[in-house]
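Notes follow once the structure below has been shown.
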Amino acid sequence: MYIFWKFILYFSSFCMIYTIAINLFYNGQMLVSVFDLFSYLRKMKSSDYKRYIGSKNMIPISIIVPAYNEEKTIVDNIKSLLALDYYEYEIIVVNDGSKDSTRDKIIEEFGLTLVNQPVKRSVQTKDIRGIYRSPQYERIILVDKENGGKADALNAGINVSSYPIFASIDADSILENEALIKLTMIFVEHPETVAVGGIVRLANGSIIKDGKLIDMRIPKSRIASFQIVEYLRAFLTGRTSLSRLNSILIISGAFGAFNKSAVIEVGGYKANTIGEDMDIIIKLHEKMKREKRKYKIKFLADPICWTQAPESLNDLRVQRRRWQIGLFDNLIAYRGMLFRKKYGAVGLLTLPYYWLFELFGPVVEFLGYIFIPMAYLFGLLEFNTFLIYFIVAFLLGTALSMGSILLEQISFRKYTSFKDIMRLVLFALLENLGYRQLTILFRIEGILKFRKGRHAWGSIKRKQFVSTESK
Amino acid sequence: MTNTAMLLLWISLGLSIVFFLAIVGTWIYSYYMKRTTEKTNEALEQMLGTVFALEGYEQNIVISRKLLGYVRNSWLRRELLMKKLVEFADRLPEEKQRRVGRIVEETEIHAYLARLLSSSSPFNHALACRYIGDFRVSSLREEMLKLKDSRSNDVLYNMLLALAKLGDVEGLSAILSANSSHINLSFRAVVEVVTAFKGSKVKLIEQTIDHCDDYMRGILIKAAADEGHPSLTPVYVKYSSSDNKNLRIACIRAIAETKDSENESHLIGMLEDSEWEVRAAAAKGLEQIGTDKSIPSLGEAVKDKEWWVRQNAASSLVALPGGRKYAESIIKGEDRFASEAIVGVLEMSS
């Protein structure tokens with residue numbers, strides 16, 4: 001019994017220190033992000049990206065949109081891509097054996113017909129059933145293929161693409177007009193760039209018309225509102241700070257651009273996995289570092305991709321479980337890079353951080369919620385210590401979220417109404433009183449179901465974008 | 001433990017309160033700035049509209065003084081004036097550009113840009129170079145050239161662009177002729193600089209090309225190619241026999257862009273190059289300058305072992321007069337890859 005009590009006491013203390021350490025680490029990341037964001041904003045003052053909007057010297061780009069059962073959003077998505085400010089680009093929509101009418105909706109809307117376009121097989125994929133094009137919409141190429149998963153669809157898009165840079169974009173996402181040019185400018189300014197990611201922000205509740213976001217609002221759904229704060233925190237602080245160290249491990253599958261030859265060199269996306277967006281980035285780091293090549297993998301906080309967050313608990317659960325499985329899968333696959341000096345900041349800082357805080361964080365936090373109250377109930381912890389711990393954990397978490405909202409306000413100011421900002425602040429406070437704990441459970445479920453779920457995507461219900469103001 | 005916990009408590013509470021107050025403060029500040037910016041822009045639009053509408057020198061001086069008084073003690077107003085001037089400069093015909101330069105002098109923006117150039121921040125340097133180019137402030141050229149060894153890509157790019165906008169052959173040629181490894185910009189950025197050059201591009205290229213390395217030669221030829229410049233054909237032909245693959249490709253594209261069939265046999269010869277990328281470029285180039293003389297050679301290139309060469313050759317073959325018939329005879333032949341390439345092109349073009 002004595003050993004059990006001792007265990008409870010020491011484990012509780014460990015959980016308390018861990019929780020505070022993780023929050024302090026995140027706050028430290030925020031500080032790095034502040035410097036990076038200010039540098040970025042100053043740099044943008046002299047940036048010449050607008051000049052390149054109509055310039056034929058801009059790198060032509062292939063936009064690849066993998067689509068599986070996306071009949072509700074795919075047409076809006078393609079329309080938004082057609083409206084982009086960019087001189088030369090092609091839109092490759094890869095219908096990955098959808099069971100709904102995704103393919104037919106695209107064919108009907110844009111008047112596409114089957115063509116016999118030859119395809120160079122730079123990376124292996126499932127069979128392509130047909131390629132559809134239209135003389136009226138020369139930019140659009142529809143690739144209809146057998147179902148093979150998102151990674152396989154992206155690989156098929158790479159094979160069909162004609163340009164040296166490609167961007168991957170989710171079918172339920174909308175790009176801001178200048179997003180693509182801002183993203184690809186980095187390839188012009190820094191030719192050693194192999195990949196660059198833009199920020200993904202949530203469009204739930206906002207008004208989208210003809211593929212353009214015309215009014216930004218906070219959604220009525222509380223679950224989506226919590227995620228707005230989460231996304232701001234993850235992108236504006238987490239990814240920005242890791243990008244500064246050239247050790248970012250994820251470029252969101254929803255919006256990223258890649259040097260095609262570099263991706264082909266590493267064998268393309270890893271098929272039959274659900275963390276393909278993380279896999280491709282670690283693979284690029286691994287190859288470049290191993291071969292001692294000069295390279296850059298960047299995250300930019302300004303080119304915006306709007307997407308939809310799950311609004312039901314079940315969809316949120318599926319999404320978080322999937323993310324955690326993808327993370328676990330990749331960390332195991334690349335465990336050989338851990339603590340290896342030749343991989344630089346990736347091996348010495350980012351991978352240990354992901355193992356320690358992102359993978360095991362939910363487990364430790366969950367156990368903390370059990371053991372710390374137990375320690376108090378068994379009289380092993382003073383009430384004051386117990387209370388202060390919870391208040392500190394709550395306040396540090398809240399400070400981090402509020403810091404991210406502040407960063408958004410200082411830098412990009414997408415939310416202009418005072419009411420919306422105060423709502424975000426409210427959700428930053430409430431997030432630590434239930435929502436965070438719930439997502440921890442979903443993430444733990446992901447770890448527990450790792451073996452069974454590592455190849456299954458699961459499905460999330462899509463909603464059509466709100467397209468008129470009356471709605 | 002309790003002391004540490006209390007300290008953490010105060011820190012976290014303090015952080016939350018500070019962030020909250022900063023959020024509210026930022027919102028109020030940005031609201032105020034938005035209003036002020038709108039008002040200032042309106043006033044500047046009016047004043048600049050008058051300056052550019054007036055012809056008389058003395059009237060202009062009066063408005064310029066008024067402008068100076070308006071922006072002298074406010075960084076925001078000066079910054080907005082600079083942005084507005086860029087907008088106006090973009091809309092003005094070349095002969096009226098000098099007026100922009102005069103306003104820049106009279107409103108002390110010139111002095112401000114000089115201060116930015118002499119500061120220690122690369123951000124300021126890049127910004128100053130950008131405005132020097134936009135406003136064509138040639139008097140700051142020497143100051144700007146002192147930054148030519150900057151390690152910042154932004155500074156280097158904006159300086160090159162400024163020199164291009166000033167039409168400064170000497171300055172631009174000197175930098176481009178230096179070792180290209182010093183210029184860590186993509187070839188597209190340099191091509192854009194050359195495209196923006198306000199002067200004789202032929203002169204710039206003739207003055208630079210023999211003094212720079214192969215990488216920069218390729219870029220200069222690419223930049224010239226888009227605009228044709230048939231007088232540069234001897235340069236393209238000369239460097240098309242270079243050992244550098246990329247330079248050969250650039251020359252092929254430039255020759256094709258001249259749209260002159262006189263050079264057809266040169267490109268036909270390059271279909272035999274040892275590098276597939278060069279063969280692919282030559283096959284594509286023949287689509288632009290090829291005649292019936294190219295058809296047999298393209299017919300052979302359709303059987304090349306490289307996919308891109310086959311595709312480009314098939315595409316050119318089908319596009320040439322009389323080529324389609326020749327291509328159809330290949331479909332019936334034994335080479336499956338050649339046949340596939342031609343079928344694909346024929347379907348895409350129908």
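Every chain in the structure tokens has a letter given in the order shown (A, B, ...), and although residue numbers restart at 1 in each chain, ligands are simply numbered from 1 in the order shown.
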
Contact check, chain A to chain B, at most 7 Å, counting only C-alpha atoms, closest pairs as JSON lines:
{"residue": "A:Arg42", "atom": "CA", "partner": "B:Phe123", "partner_atom": "CA", "distance": 6.4}
{"residue": "A:Lys43", "atom": "CA", "partner": "B:Phe123", "partner_atom": "CA", "distance": 6.1}
{"residue": "A:Lys45", "atom": "CA", "partner": "B:Leu127", "partner_atom": "CA", "distance": 6.9}
{"residue": "A:Ser46", "atom": "CA", "partner": "B:Leu127", "partner_atom": "CA", "distance": 4.8}
{"residue": "A:Asn57", "atom": "CA", "partner": "B:Arg188", "partner_atom": "CA", "distance": 5.7}
{"residue": "A:Met58", "atom": "CA", "partner": "B:Arg188", "partner_atom": "CA", "distance": 6.6}
{"residue": "A:Val115", "atom": "CA", "partner": "B:Glu347", "partner_atom": "CA", "distance": 6.5}
{"residue": "A:Asn116", "atom": "CA", "partner": "B:Gly344", "partner_atom": "CA", "distance": 5.3}
{"residue": "A:Gln117", "atom": "CA", "partner": "B:Gly344", "partner_atom": "CA", "distance": 5.3}
{"residue": "A:Pro118", "atom": "CA", "partner": "B:Gly344", "partner_atom": "CA", "distance": 5.7}
{"residue": "A:Val188", "atom": "CA", "partner": "B:Ser186", "partner_atom": "CA", "distance": 5.1}
{"residue": "A:Glu189", "atom": "CA", "partner": "B:Leu185", "partner_atom": "CA", "distance": 5.6}
{"residue": "A:His190", "atom": "CA", "partner": "B:Leu185", "partner_atom": "CA", "distance": 6.1}
{"residue": "A:Pro191", "atom": "CA", "partner": "B:Ser186", "partner_atom": "CA", "distance": 4.9}
{"residue": "A:Thr385", "atom": "CA", "partner": "B:Thr2", "partner_atom": "CA", "distance": 6.7}
{"residue": "A:Ile388", "atom": "CA", "partner": "B:Ala5", "partner_atom": "CA", "distance": 6.7}
{"residue": "A:Val392", "atom": "CA", "partner": "B:Leu9", "partner_atom": "CA", "distance": 5.2}
{"residue": "A:Leu395", "atom": "CA", "partner": "B:Ser12", "partner_atom": "CA", "distance": 5.4}
{"residue": "A:Leu396", "atom": "CA", "partner": "B:Ser12", "partner_atom": "CA", "distance": 5.2}
{"residue": "A:Thr398", "atom": "CA", "partner": "B:Ser16", "partner_atom": "CA", "distance": 6.6}
{"residue": "A:Ala399", "atom": "CA", "partner": "B:Ser16", "partner_atom": "CA", "distance": 4.5}
{"residue": "A:Met402", "atom": "CA", "partner": "B:Phe19", "partner_atom": "CA", "distance": 6.0}
{"residue": "A:Gly403", "atom": "CA", "partner": "B:Phe19", "partner_atom": "CA", "distance": 5.9}
{"residue": "A:Leu406", "atom": "CA", "partner": "B:Ile23", "partner_atom": "CA", "distance": 5.2}
{"residue": "A:Gln409", "atom": "CA", "partner": "B:Thr26", "partner_atom": "CA", "distance": 6.7}
{"residue": "A:Ile410", "atom": "CA", "partner": "B:Thr26", "partner_atom": "CA", "distance": 6.7}

>> To test your reading of the structure, identify every residue in region 111-301 of chain A that backbone DSSP assigns to helix (DSSP H, G or I), and report it as a VMD selection string.
In response: chain A and resid 150 to 160 179 to 189 222 to 244 260 to 265 276 to 290

Residue selection dump (C-alpha atoms) as a PDB file, in the first residue's frame:
ATOM      1  CA  LYS A 150      -5.538  10.360 -50.613  1.00  0.00           C
ATOM      2  CA  ALA A 151      -1.812   9.723 -51.027  1.00  0.00           C
ATOM      3  CA  ASP A 152      -2.416   7.599 -54.111  1.00  0.00           C
ATOM      4  CA  ALA A 153      -4.654  10.307 -55.576  1.00  0.00           C
ATOM      5  CA  LEU A 154      -1.940  12.917 -54.989  1.00  0.00           C
ATOM      6  CA  ASN A 155       0.601  10.655 -56.673  1.00  0.00           C
ATOM      7  CA  ALA A 156      -1.698  10.277 -59.680  1.00  0.00           C
ATOM      8  CA  GLY A 157      -1.994  14.071 -59.800  1.00  0.00           C
ATOM      9  CA  ILE A 158       1.803  14.375 -59.758  1.00  0.00           C
ATOM     10  CA  ASN A 159       2.018  11.992 -62.718  1.00  0.00           C
ATOM     11  CA  VAL A 160      -0.512  13.968 -64.727  1.00  0.00           C
ATOM     12  CA  ALA A 179      -2.846  32.779 -51.489  1.00  0.00           C
ATOM     13  CA  LEU A 180      -1.171  30.834 -54.248  1.00  0.00           C
ATOM     14  CA  ILE A 181       1.061  33.659 -55.426  1.00  0.00           C
ATOM     15  CA  LYS A 182       2.159  34.426 -51.861  1.00  0.00           C
ATOM     16  CA  LEU A 183       2.916  30.753 -51.304  1.00  0.00           C
ATOM     17  CA  THR A 184       4.901  30.188 -54.473  1.00  0.00           C
ATOM     18  CA  MET A 185       6.848  33.451 -54.221  1.00  0.00           C
ATOM     19  CA  ILE A 186       9.087  31.632 -51.772  1.00  0.00           C
ATOM     20  CA  PHE A 187      10.246  29.341 -54.600  1.00  0.00           C
ATOM     21  CA  VAL A 188      11.182  32.452 -56.592  1.00  0.00           C
ATOM     22  CA  GLU A 189      12.940  34.194 -53.713  1.00  0.00           C
ATOM     23  CA  ARG A 222     -19.600  25.830 -30.309  1.00  0.00           C
ATOM     24  CA  ILE A 223     -17.466  22.897 -31.398  1.00  0.00           C
ATOM     25  CA  ALA A 224     -16.368  24.787 -34.522  1.00  0.00           C
ATOM     26  CA  SER A 225     -15.685  27.932 -32.450  1.00  0.00           C
ATOM     27  CA  PHE A 226     -13.365  26.032 -30.120  1.00  0.00           C
ATOM     28  CA  GLN A 227     -11.516  24.778 -33.168  1.00  0.00           C
ATOM     29  CA  ILE A 228     -11.011  28.308 -34.489  1.00  0.00           C
ATOM     30  CA  VAL A 229      -9.013  29.083 -31.358  1.00  0.00           C
ATOM     31  CA  GLU A 230      -7.195  25.763 -31.667  1.00  0.00           C
ATOM     32  CA  TYR A 231      -6.247  26.377 -35.298  1.00  0.00           C
ATOM     33  CA  LEU A 232      -4.975  29.884 -34.535  1.00  0.00           C
ATOM     34  CA  ARG A 233      -2.831  28.446 -31.758  1.00  0.00           C
ATOM     35  CA  ALA A 234      -1.533  25.519 -33.788  1.00  0.00           C
ATOM     36  CA  PHE A 235      -0.675  27.494 -36.911  1.00  0.00           C
ATOM     37  CA  LEU A 236       0.270  30.939 -35.640  1.00  0.00           C
ATOM     38  CA  THR A 237       2.399  29.710 -32.774  1.00  0.00           C
ATOM     39  CA  GLY A 238       3.287  26.035 -33.296  1.00  0.00           C
ATOM     40  CA  ARG A 239       4.073  25.883 -36.982  1.00  0.00           C
ATOM     41  CA  THR A 240       5.451  29.398 -37.250  1.00  0.00           C
ATOM     42  CA  SER A 241       8.036  28.733 -34.556  1.00  0.00           C
ATOM     43  CA  LEU A 242       9.124  25.354 -35.960  1.00  0.00           C
ATOM     44  CA  SER A 243       9.358  26.840 -39.424  1.00  0.00           C
ATOM     45  CA  ARG A 244      11.791  29.438 -38.125  1.00  0.00           C
ATOM     46  CA  LYS A 260       7.788  18.197 -57.833  1.00  0.00           C
ATOM     47  CA  SER A 261      11.182  16.738 -58.607  1.00  0.00           C
ATOM     48  CA  ALA A 262      12.083  16.611 -54.894  1.00  0.00           C
ATOM     49  CA  VAL A 263       8.852  14.758 -54.129  1.00  0.00           C
ATOM     50  CA  ILE A 264       9.427  12.319 -56.992  1.00  0.00           C
ATOM     51  CA  GLU A 265      12.984  11.776 -55.723  1.00  0.00           C
ATOM     52  CA  GLU A 276       0.743  11.188 -45.677  1.00  0.00           C
ATOM     53  CA  ASP A 277       1.144  14.960 -45.177  1.00  0.00           C
ATOM     54  CA  MET A 278       3.553  14.428 -42.297  1.00  0.00           C
ATOM     55  CA  ASP A 279       5.276  11.486 -43.964  1.00  0.00           C
ATOM     56  CA  ILE A 280       6.227  13.434 -47.075  1.00  0.00           C
ATOM     57  CA  ILE A 281       7.768  16.271 -45.057  1.00  0.00           C
ATOM     58  CA  ILE A 282       9.807  14.012 -42.785  1.00  0.00           C
ATOM     59  CA  LYS A 283      10.907  12.038 -45.834  1.00  0.00           C
ATOM     60  CA  LEU A 284      12.092  15.250 -47.509  1.00  0.00           C
ATOM     61  CA  HIS A 285      13.961  16.325 -44.358  1.00  0.00           C
ATOM     62  CA  GLU A 286      15.517  12.880 -44.076  1.00  0.00           C
ATOM     63  CA  LYS A 287      16.770  12.816 -47.657  1.00  0.00           C
ATOM     64  CA  MET A 288      18.015  16.400 -47.757  1.00  0.00           C
ATOM     65  CA  LYS A 289      19.823  16.117 -44.417  1.00  0.00           C
ATOM     66  CA  ARG A 290      21.282  12.713 -45.257  1.00  0.00           C
TER      67      ARG A 290
END

> For the atom pair CA of Val235 (chain B) and CA of Leu298 (chain B), what is the interatomic distance in Å to one decimal place?
Replying inline: 25.4 Å

>> Please report the interatomic distance between CA of Glu88 (chain A) and CA of Ile214 (chain A) in Å with one decimal.
In response: 24.9 Å

>> I'd like the contact shell of Ser181 (chain B) - 10 Å cut-off, only C-alpha atoms, skipping same-chain residues fewer than 5 positions apart - returned as a PyMOL selection string.
In response: chain B and resi 213+215-216

> Which one of A:Val93, A:Ala301, A:Ile106, A:Leu82 sits closest to Val196 (chain A) if you count only C-alpha atoms?
Replying inline: A:Ala301

> Which of region 238-401 of chain A counts as strand (DSSP E or B) under DSSP, as a list in words please?
Replying inline: Phe255, Gly256, Ala257, Phe258, Asn259, Lys296, Ile297, Lys298, Phe299, Leu300, Ala301, Asp302, Pro303, Ile304, Cys305, Trp306 and Thr307 of chain A

> Can you tell me, as a PyMOL selection string, what residues are no more than 6 Å from region 97-108 of chain B when counting only C-alpha atoms, ignoring any on the same chain fewer than 3 positions away?
Replying inline: chain B and resi 68+94+111+135

>> Ranking A:Leu351, A:Leu327, A:Leu380, A:Ile208 by minimum distance to Tyr10 (chain A) and counting only C-alpha atoms, which one comes first?
In response: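 With only C-alpha atoms as the atom set, the closest residue is A:Leu380.
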